[in-house]
Structure formats: C-alpha cells, structure tokens
Amino acid sequence: MIASEFPVLAVLCGSAPPPDMAAIEAAAVVRYTDARGLPEALTGAQGLFVYDFLSTAVPGAWHAAGDLRWLHIASAGVDPVLFPGLIESDVVLTNSRGVFDDAIAEYVLGVVLAFAKDFARSLDLQRAGTWLHRETERVAGREVLVVGTGPIGRSIARLLRAAGLRVSGAGRRPRTGDPDFGDVHDSAELAKHLPAFDYVVAVAPLTEQTKGMFDAAAFAAMKPSARFVNVGRGELVVTSDLVAALRAGEIAGAALDVFDTEPLPSDSPLWTMPDVLLSPHMSGDFVGWRATLVEVFAANFRRWVAGEPLHNVVDKRLGYVPSESQGAAG
C-alpha cells in the first residue's frame, strides 16, 4: 500500500518521454529523466519505470534509491537492472513480459523462411539484373531447437509448428510431453543435443548460467547445415567463436538481432559475411510497441497504488518471471 496519495515516480527515458502517460501523471508526481539525472530523480522516489530498457544507468544511481519499493522495466529481459544492490534489496522487480512474444515469433519464422527460400540471394541477383534459377529448401519437417522455454520461446514454438517444423525446447527443467515443445532438453547439456537440429533459436534470459552458452564447443556440435538465430541477448553468444564457426563452415548461417556490443561495430566481420542476416535489435518492435509498453506499466501502476499483487514479478535470483508466479504486493 502506498502511504501517500501522490507517490513519487521516476521515469528513466532518455531524451523522449514515454507516450500516453497522462493517467499516471494524474496519480503520481512523475519525474522524467535521462541517465545523467537519474540519481536526483530517484531521491525520495518510491517507484522507477525504466522505459529506456537498454540503459545501464540504474546501478550507478542506486545510492539515491533509499525510498524505492518498485522497479518496472519496459522489456522482458531484466539484465540491465539485475545487479547485486537490487537483488539483495526488498525492491519488487517487474517486467513487460508478453508484449513482444508474437512479434519475435514472427521474426523467427521470417528468417527461417528467408534461409530456406534463399531470399537474400534472390534480392542480390535482382539488383544485379541476373536471372539464375535455383532450388530451395522445404521448412516442413525440419528440426528446431528453441533454447529458452519462457513465453517468447513458446510463441516461437507454436508458430514454427504451425508452419510444419518439428520443435523441441531446451531449458532448466528437462521434461517430456510439454504442450508447446514436446521434449524439453536440459540446457546444461546443450552440446549433447545440438547435433540433431537444423535450426537453433536462442531466446534464453541472460543469467550467469546462460552467458556465453553458445561458444566454440556449441557451434562445433551443430550440423554443418544448421542455422543459428539469436533473438535473446547478444551476451548469450561468444561472438568471436560464432565468426570462426561461420568461416570454418561449422554452421551454414546465422540470423542475429542482438549483439554483445550495440550498435554492432562497423569493423565487425559479421556485416559482410555470406549467409548472415543482421537486424538492429528490432525483432519485437512492431508498430505501436511503445504505447503498449506504457499500457502494461500503467496496469501494474494501478495495482501498485492500490496495494494489489503486481503482475510479471521477476525472481531476482533466477533473473526472470517463474511460470508459476502469481505476483507480489508492491
């Protein structure tokens, strides 16, 4: 329960404030700020809305967060704000789980089709005015491993299954009979399972256990004809190992939407490598996504001021929202 009728809310948003904040402004003292002004905005604030979800400014401003009780981040991934000070505090952390699921699933289906139907080469030949008949691959019956079995992974699995692909998962709890994945393999034994798959999709949350999980050993375990897709976090991948695997022909291609350094440096070999598709961290960004993020936050804000259980409460030790989580009081 919030003691004051008008709680103080800091909003980390960079140069552009979030849209459609009028209802929240009517119910709180809202302080919009960029990273430089965050310590001042946090002083005396009970809530923090990290709208600029790629910002890494929160740890450096934490000394000013003595009154903070709730932090909401406008993304599914929480790694930019998951640091020891927050983990060890009583501050409730919530995320925007559910906003990007279907859009990211559509992106993954798109790049799978792009690889199978050789769309990138068709565009190159079109621009060159070259008529070159080729045969392309079917996607039906191809084996896909989705590494990360949360809501985004499930949306990916459902859409790929609808397109005729055979989908399995990899996660913390191996099991059979999962409604979306069928078999879920143990992600701690990833290399053992990788040789069976034509496509490997990374969508796991970034934790100490998953950081660098796609390394030289993982790529060496894949089929030479396999394609790798990363829509999770760039730090899931050891980029130098991926580049080496592509150069050596250990895998056939990669579609990358996230990188360990963003923007991708201009001298990265990934820019010009054949059979590599790049996009600038946009796989989930559909028309209207910013307003949708504010709607998710606003719904939780109403619960917070009413002292009701919040949605999408992150287990700060795990780094994501457990599937069985029902919320926590703000």
# chains A, B, ... in the order shown; residues from 1 in each chain; ligands from 1

$ residues_around --residues "Phe228 in chain A" --least-positions-apart "6" --cutoff "9 Å" --atoms "only C-alpha atoms" --output "list in words"
Asp198, Tyr199, Val200, Val201, Ala202, Phe219, Ile251, Ala252, Gly253, Ala254, Ala255 and Leu256 of chain A

$ select_by_dssp --residues "range 179-208 of chain A" --states "strand (DSSP E or B)" --output "ChimeraX atom specification"
/A:182-186,199-202

$ residues_around --residues "Leu86 in chain A" --least-positions-apart "2" --cutoff "10 Å" --atoms "only C-alpha atoms" --output "ChimeraX atom specification"
/A:58-59,62,65,71,81-84,88-93,316

$ write_last_selection --atoms "N, CA and C atoms" --output "PDB file, in the first residue's frame"
ATOM      1  N   VAL A  58      21.052   2.390 -13.948  1.00  0.00           N
ATOM      2  CA  VAL A  58      20.454   2.172 -12.627  1.00  0.00           C
ATOM      3  C   VAL A  58      21.491   1.788 -11.569  1.00  0.00           C
ATOM      4  N   PRO A  59      22.416   0.866 -11.811  1.00  0.00           N
ATOM      5  CA  PRO A  59      23.377   0.540 -10.749  1.00  0.00           C
ATOM      6  C   PRO A  59      24.154   1.756 -10.243  1.00  0.00           C
ATOM      7  N   TRP A  62      22.041   3.870  -7.803  1.00  0.00           N
ATOM      8  CA  TRP A  62      21.353   3.122  -6.751  1.00  0.00           C
ATOM      9  C   TRP A  62      21.519   3.746  -5.373  1.00  0.00           C
ATOM     10  N   ALA A  65      18.496   5.540  -4.166  1.00  0.00           N
ATOM     11  CA  ALA A  65      17.213   4.825  -4.223  1.00  0.00           C
ATOM     12  C   ALA A  65      16.755   4.334  -2.852  1.00  0.00           C
ATOM     13  N   LEU A  71      10.427  -1.384  -9.012  1.00  0.00           N
ATOM     14  CA  LEU A  71      11.094  -1.050 -10.274  1.00  0.00           C
ATOM     15  C   LEU A  71      10.456  -1.864 -11.378  1.00  0.00           C
ATOM     16  N   VAL A  81      19.199  -4.180 -15.262  1.00  0.00           N
ATOM     17  CA  VAL A  81      18.936  -3.686 -13.898  1.00  0.00           C
ATOM     18  C   VAL A  81      19.171  -4.756 -12.844  1.00  0.00           C
ATOM     19  N   LEU A  82      19.636  -5.916 -13.249  1.00  0.00           N
ATOM     20  CA  LEU A  82      19.802  -7.011 -12.291  1.00  0.00           C
ATOM     21  C   LEU A  82      21.245  -7.022 -11.790  1.00  0.00           C
ATOM     22  N   PHE A  83      21.477  -6.319 -10.695  1.00  0.00           N
ATOM     23  CA  PHE A  83      22.804  -6.189 -10.113  1.00  0.00           C
ATOM     24  C   PHE A  83      22.670  -6.460  -8.608  1.00  0.00           C
ATOM     25  N   PRO A  84      23.771  -6.695  -7.908  1.00  0.00           N
ATOM     26  CA  PRO A  84      23.671  -7.129  -6.503  1.00  0.00           C
ATOM     27  C   PRO A  84      22.837  -6.214  -5.618  1.00  0.00           C
ATOM     28  N   GLU A  88      19.670  -7.890  -3.659  1.00  0.00           N
ATOM     29  CA  GLU A  88      19.699  -8.027  -2.206  1.00  0.00           C
ATOM     30  C   GLU A  88      18.708  -7.110  -1.493  1.00  0.00           C
ATOM     31  N   SER A  89      18.048  -6.230  -2.241  1.00  0.00           N
ATOM     32  CA  SER A  89      17.107  -5.290  -1.642  1.00  0.00           C
ATOM     33  C   SER A  89      15.709  -5.890  -1.557  1.00  0.00           C
ATOM     34  N   ASP A  90      14.793  -5.127  -0.931  1.00  0.00           N
ATOM     35  CA  ASP A  90      13.390  -5.523  -0.874  1.00  0.00           C
ATOM     36  C   ASP A  90      12.576  -4.934  -2.027  1.00  0.00           C
ATOM     37  N   VAL A  91      13.235  -4.282  -2.963  1.00  0.00           N
ATOM     38  CA  VAL A  91      12.533  -3.665  -4.091  1.00  0.00           C
ATOM     39  C   VAL A  91      11.948  -4.753  -4.984  1.00  0.00           C
ATOM     40  N   VAL A  92      10.666  -4.639  -5.305  1.00  0.00           N
ATOM     41  CA  VAL A  92       9.999  -5.581  -6.198  1.00  0.00           C
ATOM     42  C   VAL A  92      10.341  -5.215  -7.636  1.00  0.00           C
ATOM     43  N   LEU A  93      10.751  -6.200  -8.411  1.00  0.00           N
ATOM     44  CA  LEU A  93      11.102  -6.007  -9.822  1.00  0.00           C
ATOM     45  C   LEU A  93      10.050  -6.659 -10.700  1.00  0.00           C
ATOM     46  N   LYS A 316      14.375 -12.393  -8.620  1.00  0.00           N
ATOM     47  CA  LYS A 316      15.652 -11.708  -8.828  1.00  0.00           C
ATOM     48  C   LYS A 316      16.834 -12.664  -8.749  1.00  0.00           C
TER      49      LYS A 316
END

$ atom_distance --atom1 "CA of Gly153 in chain A" --atom2 "CA of Val203 in chain A"
6.3 Å

$ select_by_dssp --residues "range 50-277 of chain A" --states "helix (DSSP H, G or I)" --output "NGL selection string"
:A and (58-64 or 79-81 or 84-87 or 101-116 or 119-127 or 151-162 or 187-196 or 216-221 or 234-236 or 239-248 or 269-272)

$ atom_distance --atom1 "CA of Ala191 in chain A" --atom2 "CA of Phe214 in chain A"
9.1 Å

$ atom_distance --atom1 "CA of Ala291 in chain A" --atom2 "CA of Pro18 in chain A"
7.6 Å

$ residues_around --residues "range 131-137 of chain A" --least-positions-apart "6" --cutoff "10 Å" --atoms "only C-alpha atoms" --output "list of chain:residue names"
A:Leu113, A:Phe115, A:Ala116, A:Lys117, A:Asp118, A:Phe119, A:Ser122, A:Leu125

$ residues_around --residues "range 166-174 of chain A" --least-positions-apart "6" --cutoff "8 Å" --atoms "only C-alpha atoms" --output "ChimeraX atom specification"
/A:140-149,157,160,181-188,190

$ residues_around --residues "Met21 in chain A" --least-positions-apart "2" --cutoff "12 Å" --atoms "only C-alpha atoms" --output "list in words"
Leu9, Val11, Pro17, Pro18, Pro19, Ala23, Ile24, Glu25, Ala26, Ala27, Ala28, Val29, Val30, Arg31, Tyr32, Phe49, Tyr51, Arg290, Ala291, Thr292, Leu293, Val294, Glu295, Val296, Phe297, Ala298, Ala299 and Phe301 of chain A

$ closest_residue --among "A:Leu236, A:Val321, A:Ala76, A:Ala120" --to "Gln209 in chain A" --atoms "only C-alpha atoms"
A:Leu236

$ closest_residue --among "A:Pro39, A:Gly98, A:Pro269, A:Gly14" --to "Val243 in chain A" --atoms "only C-alpha atoms"
A:Pro269

$ closest_residue --among "A:Leu318, A:Ala10, A:Ala248, A:Val287" --to "Met273 in chain A" --atoms "only C-alpha atoms"
A:Ala248

$ decode --residues "range 274-311 of chain A" --atoms "N, CA and C atoms" --output "short mmCIF file (atom, residue, chain, number, x, y, z; two decimals), in the first residue's frame"
data_model
loop_
_atom_site.label_atom_id
_atom_site.label_comp_id
_atom_site.auth_asym_id
_atom_site.auth_seq_id
_atom_site.Cartn_x
_atom_site.Cartn_y
_atom_site.Cartn_z
N PRO A 274 28.82 -13.94 -45.82
CA PRO A 274 27.70 -14.55 -46.54
C PRO A 274 26.83 -15.37 -45.60
N ASP A 275 25.56 -15.46 -45.94
CA ASP A 275 24.60 -16.27 -45.17
C ASP A 275 24.47 -15.81 -43.72
N VAL A 276 24.64 -14.49 -43.52
CA VAL A 276 24.39 -13.89 -42.22
C VAL A 276 23.36 -12.77 -42.40
N LEU A 277 22.30 -12.83 -41.62
CA LEU A 277 21.26 -11.81 -41.65
C LEU A 277 21.34 -11.01 -40.36
N LEU A 278 21.43 -9.70 -40.47
CA LEU A 278 21.56 -8.83 -39.30
C LEU A 278 20.39 -7.88 -39.21
N SER A 279 19.94 -7.59 -37.98
CA SER A 279 18.97 -6.54 -37.75
C SER A 279 19.30 -5.85 -36.43
N PRO A 280 18.97 -4.56 -36.28
CA PRO A 280 19.43 -3.76 -35.14
C PRO A 280 18.52 -3.83 -33.92
N HIS A 281 18.46 -5.01 -33.29
CA HIS A 281 17.69 -5.20 -32.05
C HIS A 281 16.25 -4.71 -32.24
N MET A 282 15.57 -5.27 -33.23
CA MET A 282 14.23 -4.80 -33.59
C MET A 282 13.24 -5.94 -33.80
N SER A 283 13.60 -7.16 -33.44
CA SER A 283 12.73 -8.29 -33.76
C SER A 283 11.36 -8.20 -33.11
N GLY A 284 11.26 -7.51 -31.97
CA GLY A 284 9.97 -7.40 -31.30
C GLY A 284 9.28 -6.08 -31.48
N ASP A 285 9.88 -5.17 -32.24
CA ASP A 285 9.40 -3.79 -32.28
C ASP A 285 8.38 -3.58 -33.40
N PHE A 286 7.14 -3.87 -33.09
CA PHE A 286 6.04 -3.70 -34.03
C PHE A 286 5.50 -2.27 -33.92
N VAL A 287 4.72 -1.86 -34.92
CA VAL A 287 4.12 -0.53 -34.89
C VAL A 287 3.19 -0.42 -33.68
N GLY A 288 3.47 0.54 -32.80
CA GLY A 288 2.67 0.73 -31.60
C GLY A 288 3.24 0.11 -30.35
N TRP A 289 4.45 -0.44 -30.43
CA TRP A 289 5.00 -1.15 -29.26
C TRP A 289 5.28 -0.23 -28.08
N ARG A 290 5.65 1.00 -28.34
CA ARG A 290 5.94 1.91 -27.23
C ARG A 290 4.69 2.18 -26.39
N ALA A 291 3.58 2.42 -27.07
CA ALA A 291 2.33 2.65 -26.34
C ALA A 291 1.90 1.40 -25.58
N THR A 292 2.14 0.24 -26.17
CA THR A 292 1.78 -1.00 -25.49
C THR A 292 2.60 -1.19 -24.22
N LEU A 293 3.88 -0.83 -24.27
CA LEU A 293 4.71 -0.92 -23.07
C LEU A 293 4.16 -0.04 -21.96
N VAL A 294 3.71 1.16 -22.31
CA VAL A 294 3.15 2.06 -21.30
C VAL A 294 1.85 1.48 -20.75
N GLU A 295 1.03 0.85 -21.60
CA GLU A 295 -0.20 0.23 -21.12
C GLU A 295 0.09 -0.85 -20.09
N VAL A 296 1.11 -1.66 -20.34
CA VAL A 296 1.48 -2.72 -19.39
C VAL A 296 1.93 -2.10 -18.07
N PHE A 297 2.76 -1.06 -18.16
CA PHE A 297 3.21 -0.39 -16.95
C PHE A 297 2.04 0.25 -16.21
N ALA A 298 1.14 0.91 -16.94
CA ALA A 298 0.02 1.60 -16.32
C ALA A 298 -0.88 0.63 -15.57
N ALA A 299 -1.08 -0.58 -16.14
CA ALA A 299 -1.90 -1.57 -15.46
C ALA A 299 -1.26 -1.99 -14.14
N ASN A 300 0.06 -2.17 -14.15
CA ASN A 300 0.73 -2.52 -12.90
C ASN A 300 0.77 -1.33 -11.93
N PHE A 301 0.88 -0.12 -12.48
CA PHE A 301 0.87 1.08 -11.63
C PHE A 301 -0.43 1.17 -10.84
N ARG A 302 -1.55 0.87 -11.49
CA ARG A 302 -2.85 0.90 -10.80
C ARG A 302 -2.88 -0.13 -9.67
N ARG A 303 -2.31 -1.29 -9.89
CA ARG A 303 -2.25 -2.29 -8.83
C ARG A 303 -1.34 -1.82 -7.70
N TRP A 304 -0.24 -1.21 -8.08
CA TRP A 304 0.74 -0.76 -7.09
C TRP A 304 0.14 0.27 -6.13
N VAL A 305 -0.53 1.29 -6.67
CA VAL A 305 -1.09 2.33 -5.80
C VAL A 305 -2.25 1.79 -4.96
N ALA A 306 -2.87 0.70 -5.44
CA ALA A 306 -3.96 0.09 -4.67
C ALA A 306 -3.47 -0.96 -3.69
N GLY A 307 -2.15 -1.24 -3.70
CA GLY A 307 -1.61 -2.26 -2.81
C GLY A 307 -1.97 -3.67 -3.22
N GLU A 308 -2.28 -3.87 -4.51
CA GLU A 308 -2.65 -5.18 -5.02
C GLU A 308 -1.43 -5.91 -5.56
N PRO A 309 -1.50 -7.25 -5.69
CA PRO A 309 -0.37 -8.00 -6.24
C PRO A 309 -0.03 -7.52 -7.65
N LEU A 310 1.25 -7.39 -7.92
CA LEU A 310 1.71 -6.96 -9.23
C LEU A 310 1.83 -8.14 -10.18
N HIS A 311 1.70 -7.87 -11.47
CA HIS A 311 1.91 -8.88 -12.49
C HIS A 311 3.37 -8.88 -12.93
#
